[in-house]
Each structure stands twice: as structure tokens, then as C-alpha cells.
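J.: Input my_file_13.csv, format and content: CSV, C-alpha atoms (C1' of nucleotides).
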chain,number,residue,atom,x,y,z
B,1,MET,CA,-27.5,16.5,-12.8
B,2,ASN,CA,-30.1,19.2,-13.7
B,3,LYS,CA,-30.5,22.5,-11.8
B,4,GLN,CA,-33.6,21.5,-9.9
B,5,ARG,CA,-32.2,18.3,-8.7
B,6,LEU,CA,-28.9,20.0,-7.7
B,7,THR,CA,-30.8,22.6,-5.7
B,8,SER,CA,-32.8,19.9,-3.9
B,9,THR,CA,-29.7,17.9,-3.2
B,10,LEU,CA,-27.9,20.8,-1.8
B,11,ASN,CA,-30.9,21.6,0.4
B,12,LYS,CA,-31.0,18.1,1.6
B,13,ALA,CA,-27.2,18.2,2.3
B,14,LYS,CA,-27.7,21.3,4.4
B,15,GLN,CA,-30.3,19.5,6.5
B,16,VAL,CA,-27.9,16.6,6.9
B,17,CYS,CA,-25.2,18.9,8.2
B,18,LEU,CA,-27.6,20.7,10.6
B,19,GLU,CA,-28.9,17.3,11.9
B,20,HIS,CA,-25.3,16.6,12.9
B,21,GLY,CA,-25.0,20.0,14.6
B,22,ARG,CA,-22.6,21.2,12.0
B,23,LYS,CA,-22.7,24.0,9.5
B,24,PHE,CA,-23.2,24.0,5.7
B,25,THR,CA,-20.7,26.7,5.0
B,26,ILE,CA,-20.3,28.3,1.6
B,27,GLN,CA,-17.1,26.4,1.0
B,28,ARG,CA,-18.6,23.1,1.9
B,29,LYS,CA,-21.5,23.9,-0.4
B,30,GLN,CA,-19.2,24.8,-3.3
B,31,ILE,CA,-17.0,21.7,-2.9
B,32,LEU,CA,-20.1,19.5,-2.8
B,33,GLN,CA,-21.6,21.3,-5.8
B,34,ILE,CA,-18.5,20.9,-7.8
B,35,LEU,CA,-18.5,17.1,-7.1
B,36,LEU,CA,-22.2,16.9,-7.9
B,37,THR,CA,-21.8,18.7,-11.3
B,38,THR,CA,-18.8,16.7,-12.4
B,39,ASP,CA,-19.2,13.3,-13.9
B,40,VAL,CA,-15.7,12.0,-12.9
B,41,PRO,CA,-14.1,11.7,-9.5
B,42,LEU,CA,-11.9,14.6,-8.4
B,43,SER,CA,-8.8,14.7,-6.2
B,44,ALA,CA,-8.5,17.2,-3.4
B,45,TYR,CA,-6.0,19.2,-5.5
B,46,GLU,CA,-8.3,19.1,-8.5
B,47,LEU,CA,-11.1,20.4,-6.3
B,48,ALA,CA,-9.0,23.2,-5.1
B,49,SER,CA,-8.2,24.2,-8.7
B,50,CYS,CA,-11.9,23.9,-9.8
B,51,TYR,CA,-12.9,26.0,-6.9
B,52,LYS,CA,-10.6,28.8,-8.1
B,53,LEU,CA,-11.9,28.5,-11.6
B,54,ARG,CA,-15.6,28.4,-10.8
B,55,THR,CA,-15.8,30.9,-8.0
B,56,SER,CA,-13.9,34.2,-7.8
B,57,SER,CA,-12.6,33.0,-4.5
B,58,SER,CA,-10.3,30.1,-3.4
B,59,VAL,CA,-9.7,27.5,-0.7
B,60,SER,CA,-6.5,26.1,0.6
B,61,VAL,CA,-5.9,22.4,-0.2
B,62,MET,CA,-5.7,21.8,3.5
B,63,SER,CA,-9.3,23.1,3.8
B,64,VAL,CA,-10.4,20.9,1.0
B,65,TYR,CA,-9.2,17.9,2.8
B,66,ARG,CA,-10.9,19.0,6.0
B,67,ILE,CA,-14.1,19.7,4.1
B,68,LEU,CA,-13.9,16.4,2.3
B,69,SER,CA,-13.5,14.4,5.5
B,70,PHE,CA,-16.3,16.3,7.1
B,71,LEU,CA,-18.6,15.6,4.1
B,72,GLU,CA,-17.5,12.0,4.2
B,73,SER,CA,-18.3,11.7,7.8
B,74,VAL,CA,-21.9,12.7,7.2
B,75,ASN,CA,-22.1,10.4,4.2
B,76,LEU,CA,-22.4,13.2,1.6
B,77,VAL,CA,-19.3,12.2,-0.4
B,78,ARG,CA,-17.3,9.0,-0.8
B,79,ARG,CA,-13.6,8.5,-1.3
B,80,LEU,CA,-12.5,6.1,-4.0
B,81,ASN,CA,-9.5,4.2,-2.6
B,82,SER,CA,-8.4,2.9,-5.9
B,83,ALA,CA,-8.1,6.4,-7.3
B,84,ASN,CA,-7.5,8.7,-4.3
B,85,LYS,CA,-10.5,10.8,-5.6
B,86,TYR,CA,-13.9,11.8,-4.3
B,87,ILE,CA,-17.5,11.5,-5.6
B,88,ALA,CA,-20.8,12.8,-4.5
B,89,TYR,CA,-24.4,11.7,-5.2
B,90,GLY,CA,-27.9,13.0,-5.6
B,91,THR,CA,-30.4,13.0,-2.8
B,92,ASP,CA,-32.0,9.7,-3.9
B,93,SER,CA,-28.7,7.8,-3.8
B,94,GLU,CA,-27.9,4.9,-1.6
B,95,VAL,CA,-24.9,6.8,-0.3
B,96,PHE,CA,-27.3,9.2,1.4
B,97,LYS,CA,-29.1,6.1,2.7
B,98,ARG,CA,-25.8,4.8,4.1
B,99,GLU,CA,-26.1,1.4,2.4
B,100,THR,CA,-23.2,-0.5,1.1
B,101,SER,CA,-22.2,0.4,-2.4
B,102,LEU,CA,-20.4,-1.2,-5.3
B,103,PHE,CA,-18.6,1.3,-7.4
B,104,LEU,CA,-17.9,0.4,-11.0
B,105,ILE,CA,-15.1,2.6,-12.1
B,106,CYS,CA,-14.3,2.8,-15.8
B,107,ARG,CA,-10.6,2.9,-16.6
B,108,HIS,CA,-11.2,4.7,-19.9
B,109,CYS,CA,-13.7,7.5,-19.2
B,110,GLN,CA,-13.2,7.5,-15.4
B,111,LYS,CA,-17.0,7.6,-14.9
B,112,VAL,CA,-18.3,5.8,-11.8
B,113,GLU,CA,-21.5,3.8,-11.7
B,114,THR,CA,-22.9,3.0,-8.3
B,115,LEU,CA,-24.9,0.0,-7.4
B,116,ALA,CA,-26.5,-0.7,-4.1
B,117,VAL,CA,-25.3,-3.9,-2.5
B,118,SER,CA,-27.6,-5.6,0.1
B,119,GLN,CA,-26.2,-7.6,3.0
B,120,SER,CA,-27.5,-10.7,1.2
B,121,ASP,CA,-25.5,-9.7,-1.9
B,122,VAL,CA,-22.4,-9.4,0.2
B,123,ALA,CA,-23.1,-12.8,1.7
B,124,LYS,CA,-23.4,-14.2,-1.9
B,125,LEU,CA,-20.1,-12.7,-2.9
B,126,PHE,CA,-18.2,-13.8,0.1
B,127,PRO,CA,-19.7,-17.1,1.3
B,128,HIS,CA,-16.7,-17.8,3.6
B,129,PHE,CA,-16.7,-14.4,5.2
B,130,ASP,CA,-18.4,-15.5,8.4
B,131,ASP,CA,-15.9,-18.2,9.0
B,132,ALA,CA,-13.1,-15.6,9.2
B,133,GLY,CA,-14.6,-14.0,12.4
B,134,PHE,CA,-14.0,-10.6,11.0
B,135,THR,CA,-16.1,-7.5,11.8
B,136,SER,CA,-16.3,-5.4,8.7
B,137,GLN,CA,-16.6,-1.7,8.8
B,138,THR,CA,-16.6,-1.3,5.1
B,139,LYS,CA,-19.5,0.3,3.3
B,140,GLN,CA,-18.1,0.2,-0.2
B,141,PHE,CA,-16.4,-2.0,-2.7
B,142,GLU,CA,-14.6,-0.9,-5.8
B,143,MET,CA,-14.4,-2.6,-9.2
B,144,LEU,CA,-12.2,-1.4,-12.0
B,145,GLY,CA,-13.1,-2.2,-15.6
B,146,VAL,CA,-14.6,-0.9,-18.8
B,147,CYS,CA,-18.1,0.6,-18.9
B,148,ASN,CA,-20.8,0.0,-21.5
B,149,GLU,CA,-20.1,3.1,-23.6
B,150,CYS,CA,-16.4,2.7,-23.7
B,151,GLN,CA,-16.7,-0.9,-24.7
B,152,ALA,CA,-18.9,0.2,-27.6
B,153,LYS,CA,-16.4,2.8,-28.7
B,154,LEU,CA,-13.5,0.4,-28.5
B,155,ALA,CA,-15.2,-2.3,-30.5
X,1,MET,CA,6.0,-18.5,7.6
X,2,ASN,CA,8.5,-21.2,8.5
X,3,LYS,CA,11.9,-21.6,6.8
X,4,GLN,CA,11.0,-24.6,4.7
X,5,ARG,CA,7.8,-23.1,3.4
X,6,LEU,CA,9.7,-19.9,2.6
X,7,THR,CA,12.3,-21.7,0.6
X,8,SER,CA,9.7,-23.6,-1.4
X,9,THR,CA,7.7,-20.4,-2.0
X,10,LEU,CA,10.8,-18.6,-3.2
X,11,ASN,CA,11.7,-21.5,-5.5
X,12,LYS,CA,8.2,-21.4,-6.9
X,13,ALA,CA,8.5,-17.7,-7.4
X,14,LYS,CA,11.6,-18.2,-9.4
X,15,GLN,CA,9.9,-20.6,-11.6
X,16,VAL,CA,7.0,-18.2,-12.2
X,17,CYS,CA,9.5,-15.5,-13.2
X,18,LEU,CA,11.3,-17.8,-15.6
X,19,GLU,CA,8.0,-18.9,-17.1
X,20,HIS,CA,7.4,-15.3,-17.9
X,21,GLY,CA,10.9,-15.0,-19.5
X,22,ARG,CA,12.0,-12.7,-16.7
X,23,LYS,CA,14.7,-13.0,-14.1
X,24,PHE,CA,14.4,-13.6,-10.4
X,25,THR,CA,17.2,-11.3,-9.3
X,26,ILE,CA,18.7,-11.0,-5.9
X,27,GLN,CA,16.8,-7.8,-5.2
X,28,ARG,CA,13.5,-9.2,-6.4
X,29,LYS,CA,14.1,-12.2,-4.2
X,30,GLN,CA,15.0,-10.0,-1.2
X,31,ILE,CA,11.9,-7.8,-1.6
X,32,LEU,CA,9.7,-10.8,-1.9
X,33,GLN,CA,11.3,-12.5,1.1
X,34,ILE,CA,10.8,-9.4,3.2
X,35,LEU,CA,7.1,-9.3,2.3
X,36,LEU,CA,6.7,-13.1,2.9
X,37,THR,CA,8.3,-12.9,6.4
X,38,THR,CA,6.4,-9.8,7.6
X,39,ASP,CA,2.9,-10.2,8.8
X,40,VAL,CA,1.7,-6.7,7.9
X,41,PRO,CA,1.6,-5.0,4.6
X,42,LEU,CA,4.6,-2.7,3.8
X,43,SER,CA,4.9,0.4,1.7
X,44,ALA,CA,7.6,0.8,-0.9
X,45,TYR,CA,9.5,3.1,1.3
X,46,GLU,CA,9.2,0.8,4.3
X,47,LEU,CA,10.5,-2.0,2.0
X,48,ALA,CA,13.5,0.1,1.1
X,49,SER,CA,14.3,0.6,4.8
X,50,CYS,CA,13.8,-3.0,5.6
X,51,TYR,CA,16.1,-3.9,2.8
X,52,LYS,CA,18.8,-1.8,4.2
X,53,LEU,CA,18.4,-3.2,7.7
X,54,ARG,CA,18.2,-6.9,6.7
X,55,THR,CA,20.9,-7.0,4.0
X,56,SER,CA,24.2,-5.2,4.1
X,57,SER,CA,23.2,-3.7,0.8
X,58,SER,CA,20.4,-1.3,-0.4
X,59,VAL,CA,17.9,-0.5,-3.1
X,60,SER,CA,16.6,2.8,-4.4
X,61,VAL,CA,13.0,3.4,-3.7
X,62,MET,CA,12.6,3.8,-7.5
X,63,SER,CA,13.8,0.2,-7.9
X,64,VAL,CA,11.5,-1.0,-5.2
X,65,TYR,CA,8.5,0.4,-7.1
X,66,ARG,CA,9.8,-1.2,-10.3
X,67,ILE,CA,10.3,-4.5,-8.5
X,68,LEU,CA,6.9,-4.4,-6.9
X,69,SER,CA,5.1,-3.7,-10.2
X,70,PHE,CA,7.0,-6.5,-11.8
X,71,LEU,CA,6.1,-8.9,-9.0
X,72,GLU,CA,2.6,-7.7,-9.2
X,73,SER,CA,2.4,-8.3,-12.9
X,74,VAL,CA,3.3,-12.0,-12.4
X,75,ASN,CA,0.9,-12.3,-9.4
X,76,LEU,CA,3.5,-12.7,-6.7
X,77,VAL,CA,2.5,-9.7,-4.7
X,78,ARG,CA,-0.6,-7.6,-4.4
X,79,ARG,CA,-1.1,-4.0,-3.7
X,80,LEU,CA,-3.7,-2.9,-1.1
X,81,ASN,CA,-5.4,0.2,-2.5
X,82,SER,CA,-6.8,1.1,0.9
X,83,ALA,CA,-3.4,1.3,2.5
X,84,ASN,CA,-0.9,1.9,-0.4
X,85,LYS,CA,1.0,-1.1,0.8
X,86,TYR,CA,2.0,-4.5,-0.5
X,87,ILE,CA,1.6,-8.1,0.5
X,88,ALA,CA,2.9,-11.5,-0.6
X,89,TYR,CA,1.7,-15.0,-0.1
X,90,GLY,CA,2.8,-18.6,0.1
X,91,THR,CA,2.9,-21.0,-2.8
X,92,ASP,CA,-0.5,-22.5,-2.0
X,93,SER,CA,-2.2,-19.1,-2.0
X,94,GLU,CA,-5.0,-18.2,-4.4
X,95,VAL,CA,-2.9,-15.2,-5.3
X,96,PHE,CA,-0.5,-17.6,-7.0
X,97,LYS,CA,-3.5,-19.3,-8.6
X,98,ARG,CA,-4.7,-15.9,-9.9
X,99,GLU,CA,-8.1,-16.1,-8.5
X,100,THR,CA,-10.1,-13.2,-7.1
X,101,SER,CA,-9.4,-12.5,-3.5
X,102,LEU,CA,-11.1,-10.8,-0.6
X,103,PHE,CA,-8.7,-9.1,1.7
X,104,LEU,CA,-9.8,-8.6,5.3
X,105,ILE,CA,-7.7,-5.8,6.7
X,106,CYS,CA,-7.6,-5.2,10.4
X,107,ARG,CA,-7.5,-1.6,11.4
X,108,HIS,CA,-5.8,-2.4,14.8
X,109,CYS,CA,-3.1,-4.9,14.1
X,110,GLN,CA,-2.9,-4.3,10.3
X,111,LYS,CA,-2.8,-8.0,9.6
X,112,VAL,CA,-4.5,-9.2,6.4
X,113,GLU,CA,-6.6,-12.3,6.1
X,114,THR,CA,-7.2,-13.5,2.5
X,115,LEU,CA,-10.2,-15.3,1.3
X,116,ALA,CA,-10.7,-16.8,-2.2
X,117,VAL,CA,-13.7,-15.6,-4.1
X,118,SER,CA,-14.7,-17.9,-6.9
X,119,GLN,CA,-15.7,-16.7,-10.3
X,120,SER,CA,-19.2,-18.1,-9.7
X,121,ASP,CA,-19.4,-16.1,-6.5
X,122,VAL,CA,-18.6,-13.0,-8.5
X,123,ALA,CA,-21.0,-14.1,-11.2
X,124,LYS,CA,-23.8,-14.1,-8.6
X,125,LEU,CA,-23.6,-10.3,-8.7
X,126,PHE,CA,-23.8,-10.3,-12.4
X,127,PRO,CA,-27.5,-9.6,-12.7
X,128,HIS,CA,-26.4,-6.2,-11.5
X,129,PHE,CA,-23.5,-5.9,-13.9
X,130,ASP,CA,-25.7,-6.8,-16.9
X,131,ASP,CA,-27.9,-3.9,-16.0
X,132,ALA,CA,-24.8,-1.7,-15.8
X,133,GLY,CA,-23.1,-3.3,-18.8
X,134,PHE,CA,-19.8,-3.2,-17.1
X,135,THR,CA,-16.8,-5.5,-17.7
X,136,SER,CA,-14.8,-6.0,-14.5
X,137,GLN,CA,-11.1,-6.4,-14.5
X,138,THR,CA,-10.8,-6.5,-10.8
X,139,LYS,CA,-9.2,-9.4,-9.1
X,140,GLN,CA,-9.5,-8.2,-5.5
X,141,PHE,CA,-11.8,-6.7,-3.0
X,142,GLU,CA,-10.8,-5.0,0.2
X,143,MET,CA,-12.6,-4.9,3.5
X,144,LEU,CA,-11.5,-2.8,6.5
X,145,GLY,CA,-12.6,-3.8,10.0
X,146,VAL,CA,-11.5,-5.6,13.1
X,147,CYS,CA,-10.1,-9.1,13.1
X,148,ASN,CA,-11.0,-11.9,15.5
X,149,GLU,CA,-8.0,-11.6,17.8
X,150,CYS,CA,-8.2,-7.8,18.2
X,151,GLN,CA,-11.9,-8.1,18.9
X,152,ALA,CA,-11.1,-10.5,21.8
X,153,LYS,CA,-8.5,-8.2,23.1
X,154,LEU,CA,-10.7,-5.2,23.0
X,155,ALA,CA,-13.6,-6.9,24.7
Y,1,DT,C1',34.1,-12.3,-29.8
Y,2,DT,C1',31.8,-8.5,-30.1
Y,3,DT,C1',27.9,-6.2,-30.8
Y,4,DG,C1',23.1,-5.5,-30.6
Y,5,DG,C1',18.9,-5.7,-28.1
Y,6,DA,C1',16.2,-6.7,-24.2
Y,7,DT,C1',16.1,-6.6,-19.3
Y,8,DA,C1',17.3,-4.6,-15.0
Y,9,DT,C1',19.0,-1.1,-11.9
Y,10,DG,C1',21.0,3.6,-10.5
Y,11,DT,C1',20.4,8.5,-10.1
Y,12,DT,C1',18.2,12.8,-9.8
Y,13,DA,C1',14.4,15.5,-10.0
Y,14,DT,C1',9.8,16.4,-9.5
Y,15,DA,C1',4.8,15.5,-9.1
Y,16,DA,C1',1.0,14.1,-6.4
Y,17,DT,C1',-1.2,13.1,-2.1
Y,18,DG,C1',-1.8,13.8,2.7
Y,19,DT,C1',-1.0,15.5,7.7
Y,20,DA,C1',0.7,18.5,11.7
Y,21,DT,C1',0.6,22.7,13.9
Y,22,DC,C1',-0.7,27.0,15.2
Y,23,DA,C1',-2.9,31.4,14.2
Y,24,DA,C1',-6.8,33.9,12.6
Y,25,DT,C1',-11.7,34.3,11.8
Y,26,DT,C1',-16.4,33.6,12.1
Y,27,DG,C1',-20.6,32.7,14.1
Y,28,DT,C1',-23.7,31.6,18.2
Y,29,DG,C1',-25.4,31.7,22.6
Y,30,DC,C1',-24.9,34.0,27.0
H,1,DG,C1',-20.1,42.9,24.0
H,2,DC,C1',-17.8,38.5,25.4
H,3,DA,C1',-16.7,33.7,25.7
H,4,DC,C1',-16.6,29.6,23.3
H,5,DA,C1',-16.7,26.3,19.7
H,6,DA,C1',-16.4,25.6,14.9
H,7,DT,C1',-14.2,26.7,10.8
H,8,DT,C1',-10.6,28.3,7.8
H,9,DG,C1',-5.9,30.1,6.6
H,10,DA,C1',-1.1,29.5,6.3
H,11,DT,C1',3.2,27.3,6.6
H,12,DA,C1',5.8,23.4,6.9
H,13,DC,C1',6.5,18.9,6.3
H,14,DA,C1',5.7,13.8,5.5
H,15,DT,C1',4.5,10.2,2.4
H,16,DT,C1',3.6,8.1,-1.9
H,17,DA,C1',4.6,7.8,-6.8
H,18,DT,C1',6.4,8.8,-11.5
H,19,DA,C1',9.4,10.9,-15.2
H,20,DA,C1',13.6,11.0,-17.6
H,21,DC,C1',17.9,9.6,-18.6
H,22,DA,C1',22.1,7.0,-17.7
H,23,DT,C1',24.4,2.8,-16.7
H,24,DA,C1',25.0,-2.1,-16.2
H,25,DT,C1',24.2,-7.0,-17.2
H,26,DC,C1',23.2,-10.8,-19.8
H,27,DC,C1',22.2,-13.6,-23.7
H,28,DA,C1',22.1,-14.6,-28.5
H,29,DA,C1',23.2,-13.8,-33.3
H,30,DA,C1',26.5,-12.2,-36.6
Starting from the coordinates I provided, produce the structure as C-alpha cells.
T.:
Amino acid sequence: MNKQRLTSTLNKAKQVCLEHGRKFTIQRKQILQILLTTDVPLSAYELASCYKLRTSSSVSVMSVYRILSFLESVNLVRRLNSANKYIAYGTDSEVFKRETSLFLICRHCQKVETLAVSQSDVAKLFPHFDDAGFTSQTKQFEMLGVCNECQAKLA
Amino acid sequence: MNKQRLTSTLNKAKQVCLEHGRKFTIQRKQILQILLTTDVPLSAYELASCYKLRTSSSVSVMSVYRILSFLESVNLVRRLNSANKYIAYGTDSEVFKRETSLFLICRHCQKVETLAVSQSDVAKLFPHFDDAGFTSQTKQFEMLGVCNECQAKLA
DNA sequence: TTTGGATATGTTATAATGTATCAATTGTGC
DNA sequence: GCACAATTGATACATTATAACATATCCAAA
């Protein structure tokens, strides 16, 4: 993500926080920025380390968890259940738009590609879902596999 | 799961192990039986506790993890990423048949409903994959939400 | 029959992930 | 300034998972 896009994304993020009546503190900004400028998902502990490296300051891991769940609650970051790690997206992402996402997670390079999944796509994937009488609260699906680039390298 | 179905499932499980040139030891059987006769997913530590309660013997948690990953490798149990817990199924289940599954996990009662997802269903999403050039190795999807019964109770 | 190798389990230690609790701080409106 | 809510710090602890090495068990080949 280039500098300009990063700045605009952080500005948009600030707006999102304010709209929720919450603050976009320096720590929240730093954590979000680290996630935005890293191309692999990071764990809470990795984020705490990164924070110490990148800034001259530090955060407790406890705070990282709190910051992450806050950012998650306002749809600025997502947690990957299959990795116990977190990712963030640019302003134009469907995560911002709160749509359902399909995460394609590469087992080799760890990079995550995100696809928007429409309700009709979900219906196609799970034709018998309606029969189950289940009310889904899930906004994301995760697929593990091998990405394009790694396949090429391995071949 | 009734007694007869349990017995036949355990017999089938033994066959599966033997077909893989592996053993169906007493501990593996007990762990599988606990999972089969519990209607909610259990963690490795919970399984170790259950084991102690149900049998006069015990297993180390380390062994439980090893047993679980073995049972998983021969498709007898599945791990739920969103809960860090494990489930097992009857002989007629699609888990035995190694198909892709959709797990509907109830946030209230913890029960898990399983739906089979055919390869062709997954393939319907493939236009997206082709764009992404991603090779999936995933055999399961997980949805969190509220099940039929809990909805009725809550209403 | 014994010995070698693969499989399975025991044991201990430690890493990694996550939560509870209470105190301190910061900022904002009154 | 003061009261109040939001945020963060700090400590302790709970939960989940793996590493490393030792021991046991079983079967097959010498």
C-alpha cells in the first residue's frame, strides 16, 4: 500500500471511529498502520513486537487485544480464525463495506487474498443452508491453499 | 447417538485405521467415543478431563493432541477453527466420505449441524478463484450463528 | 528368539494465545 | 477545576498447543 493510499485509509478509519463515538488514538492508529503496511496477517503478540520496533514506544499485549477487538467491532480489521491472526484493508475494501468476504490464505507465503461474496454466491455454495433453519452471523469464510505465485515457484 | 449406531461407527472407525496401516488403540477408541457421545465440540483439555471421568484411567493432554491429529488425518474427527474444539460423526456422515462440509455452529447451545457441500457447489465459486489463481485445500467451512431451537427459545 | 524398526504413549518443559481484574491516565463536557 | 467516561497499564492467570526426549509395544525378518 502506497503512502497516499495509507494516509487516506487512516483518515477514513478515523472518521469511522468518530461516527461510532469512539476515539482514534495514537495506539489504535499505529496498530492499524502496521496491519495495513504488512502483507501477511499478524498475531496480537507479533503486533506488540512490531509496535516496539517501529515506534520508540510500546503497548502491552493486553492493550493490543483491546485495540484489535475495538477495530474489529467497527469493521476496520478482521480476525482469521484459522491462524489466530489479524488483517486490515484499504478504504475501498469490502471489509469497510461490511460485506461477506472469502479469504484465500496461502499456506506458503501466508498472504491473504480477499474476495467479496454476495448473498447469492453464498446461496450457490450452500444450497441446503435454508433447510437447516440456521441464522448465520458470519461475515467471512476462510480457505487455505496455495496462491498463484507460490504455485509457480513450486512448479 | 444410540448404542447400536455407536458400535457400528466404532467398528467402521477401526476398519478405517487398519486400512491406513494404523492401530485403533483403546485410547483412540475412547477419545473417539467421547466425541461421538457428546453433542457439543470439545477441546483437547476437555477431552482429557472427560477421559479421566469416564474411564478409570487417564491420558496426557499431549497424547490427546496426538490422537486427535491422527484421527483427523484419517477423517474421523474434524477440528473447528473458530472454537479450537473437535467433533466426530457417525458412519454415514460426509466426514467419513471426505466431502467438503459446512458446519453451522450455534453460539448459544454450541451444537454443530453439518451440511455436505458438493464439489460442484464449490466449483460455482470458481470463476472467482480463477481470477485469483488460488488452489484450495480446504475441506470445511464454518458459520457461526443461532440454531433453529435456540431461536425458538429466545423468541 | 531376538533384534530392529515403525508405531504409539509418557513425561516434562515451554511456547503461544487469550482473559480477568483493578489501578492509573487521559480527554471532554459541565 | 471537577466529574465522568473512555482508554491504557500492569499483573496475574487461564487456555491452547508444540518441542524434545524417553519409554513401551508390536510385528516381521534375520
J.: Which one is closest to Thr138 of chain B: X:Leu32, X:Ala155, X:Ile105, X:Ala116? Count all atoms listed in the file.
T.: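 Counting all atoms listed in the file, the residue closest to Thr138 of chain B is X:Ile105.
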J.: Using all atoms listed in the file, which chain B residues lie at most 10 Å away from chain H, written as a list of chain:residue names?
T.: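 The answer, sorted by residue number, is B:Arg22, B:Lys23, B:Thr25, B:Gln27, B:Val59, B:Ser60, B:Met62, B:Ser63, B:Arg66, B:Ile67.
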J.: Take the residues from that selection and put them in a file with C-alpha atoms, as an mmCIF file, in the frame of the given file.
T.:
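Writing the result to result_20.cif gives the following:
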data_model
loop_
_atom_site.group_PDB
_atom_site.id
_atom_site.type_symbol
_atom_site.label_atom_id
_atom_site.label_comp_id
_atom_site.auth_asym_id
_atom_site.auth_seq_id
_atom_site.Cartn_x
_atom_site.Cartn_y
_atom_site.Cartn_z
ATOM 1 C CA ARG B 22 -22.600 21.200 12.000
ATOM 2 C CA LYS B 23 -22.700 24.000 9.500
ATOM 3 C CA THR B 25 -20.700 26.700 5.000
ATOM 4 C CA GLN B 27 -17.100 26.400 1.000
ATOM 5 C CA VAL B 59 -9.700 27.500 -0.700
ATOM 6 C CA SER B 60 -6.500 26.100 0.600
ATOM 7 C CA MET B 62 -5.700 21.800 3.500
ATOM 8 C CA SER B 63 -9.300 23.100 3.800
ATOM 9 C CA ARG B 66 -10.900 19.000 6.000
ATOM 10 C CA ILE B 67 -14.100 19.700 4.100
#
J.: Select all residues from chain B having any atom no more than 10 Å from an atom of chain Y (counting only C-alpha atoms (C1' of nucleotides), ignoring ligands), output as a count of residues only.
T.: 7
J.: Could you give me, as number ranges by chain, the residues within 10 Å of Val74 of chain X, counting only C-alpha atoms (C1' of nucleotides) and dropping anything in the same chain fewer than 4 positions from it?
T.: X: 13, 16-17, 19-20, 22, 69-70, 78, 95-96, 98
J.: Next, the residues of the selection above should be written as a JSON list (two decimals), in the frame of the given file with C-alpha atoms.
T.:
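File produced: part.json:
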[["chain", "number", "residue", "atom", "x", "y", "z"],
["X", 13, "ALA", "CA", 8.50, -17.70, -7.40],
["X", 16, "VAL", "CA", 7.00, -18.20, -12.20],
["X", 17, "CYS", "CA", 9.50, -15.50, -13.20],
["X", 19, "GLU", "CA", 8.00, -18.90, -17.10],
["X", 20, "HIS", "CA", 7.40, -15.30, -17.90],
["X", 22, "ARG", "CA", 12.00, -12.70, -16.70],
["X", 69, "SER", "CA", 5.10, -3.70, -10.20],
["X", 70, "PHE", "CA", 7.00, -6.50, -11.80],
["X", 78, "ARG", "CA", -0.60, -7.60, -4.40],
["X", 95, "VAL", "CA", -2.90, -15.20, -5.30],
["X", 96, "PHE", "CA", -0.50, -17.60, -7.00],
["X", 98, "ARG", "CA", -4.70, -15.90, -9.90]]
J.: Output as a PyMOL selection string the set of chain X residues within 9 Å of chain B, with distances taken over only C-alpha atoms.
T.: chain X and resi 80-83+102+104-106+113+115-118+120-125+128-129+132-149+151
J.: Save out the residues we just selected, C-alpha atoms, as a JSON list (two decimals), keeping the file's coordinate frame.
T.:
[["chain", "number", "residue", "atom", "x", "y", "z"],
["X", 80, "LEU", "CA", -3.70, -2.90, -1.10],
["X", 81, "ASN", "CA", -5.40, 0.20, -2.50],
["X", 82, "SER", "CA", -6.80, 1.10, 0.90],
["X", 83, "ALA", "CA", -3.40, 1.30, 2.50],
["X", 102, "LEU", "CA", -11.10, -10.80, -0.60],
["X", 104, "LEU", "CA", -9.80, -8.60, 5.30],
["X", 105, "ILE", "CA", -7.70, -5.80, 6.70],
["X", 106, "CYS", "CA", -7.60, -5.20, 10.40],
["X", 113, "GLU", "CA", -6.60, -12.30, 6.10],
["X", 115, "LEU", "CA", -10.20, -15.30, 1.30],
["X", 116, "ALA", "CA", -10.70, -16.80, -2.20],
["X", 117, "VAL", "CA", -13.70, -15.60, -4.10],
["X", 118, "SER", "CA", -14.70, -17.90, -6.90],
["X", 120, "SER", "CA", -19.20, -18.10, -9.70],
["X", 121, "ASP", "CA", -19.40, -16.10, -6.50],
["X", 122, "VAL", "CA", -18.60, -13.00, -8.50],
["X", 123, "ALA", "CA", -21.00, -14.10, -11.20],
["X", 124, "LYS", "CA", -23.80, -14.10, -8.60],
["X", 125, "LEU", "CA", -23.60, -10.30, -8.70],
["X", 128, "HIS", "CA", -26.40, -6.20, -11.50],
["X", 129, "PHE", "CA", -23.50, -5.90, -13.90],
["X", 132, "ALA", "CA", -24.80, -1.70, -15.80],
["X", 133, "GLY", "CA", -23.10, -3.30, -18.80],
["X", 134, "PHE", "CA", -19.80, -3.20, -17.10],
["X", 135, "THR", "CA", -16.80, -5.50, -17.70],
["X", 136, "SER", "CA", -14.80, -6.00, -14.50],
["X", 137, "GLN", "CA", -11.10, -6.40, -14.50],
["X", 138, "THR", "CA", -10.80, -6.50, -10.80],
["X", 139, "LYS", "CA", -9.20, -9.40, -9.10],
["X", 140, "GLN", "CA", -9.50, -8.20, -5.50],
["X", 141, "PHE", "CA", -11.80, -6.70, -3.00],
["X", 142, "GLU", "CA", -10.80, -5.00, 0.20],
["X", 143, "MET", "CA", -12.60, -4.90, 3.50],
["X", 144, "LEU", "CA", -11.50, -2.80, 6.50],
["X", 145, "GLY", "CA", -12.60, -3.80, 10.00],
["X", 146, "VAL", "CA", -11.50, -5.60, 13.10],
["X", 147, "CYS", "CA", -10.10, -9.10, 13.10],
["X", 148, "ASN", "CA", -11.00, -11.90, 15.50],
["X", 149, "GLU", "CA", -8.00, -11.60, 17.80],
["X", 151, "GLN", "CA", -11.90, -8.10, 18.90]]
J.: As AutoDock Vina command-line options, please report the centre and edge lengths, rounded to one decimal in Å, of the axis-aligned box that holds all listed atoms of segment 17-25 of chain H with 5 Å of padding on each of the six sides.
T.:
--center_x 14.8 --center_y 2.0 --center_z -12.7 --size_x 30.4 --size_y 28.0 --size_z 21.8
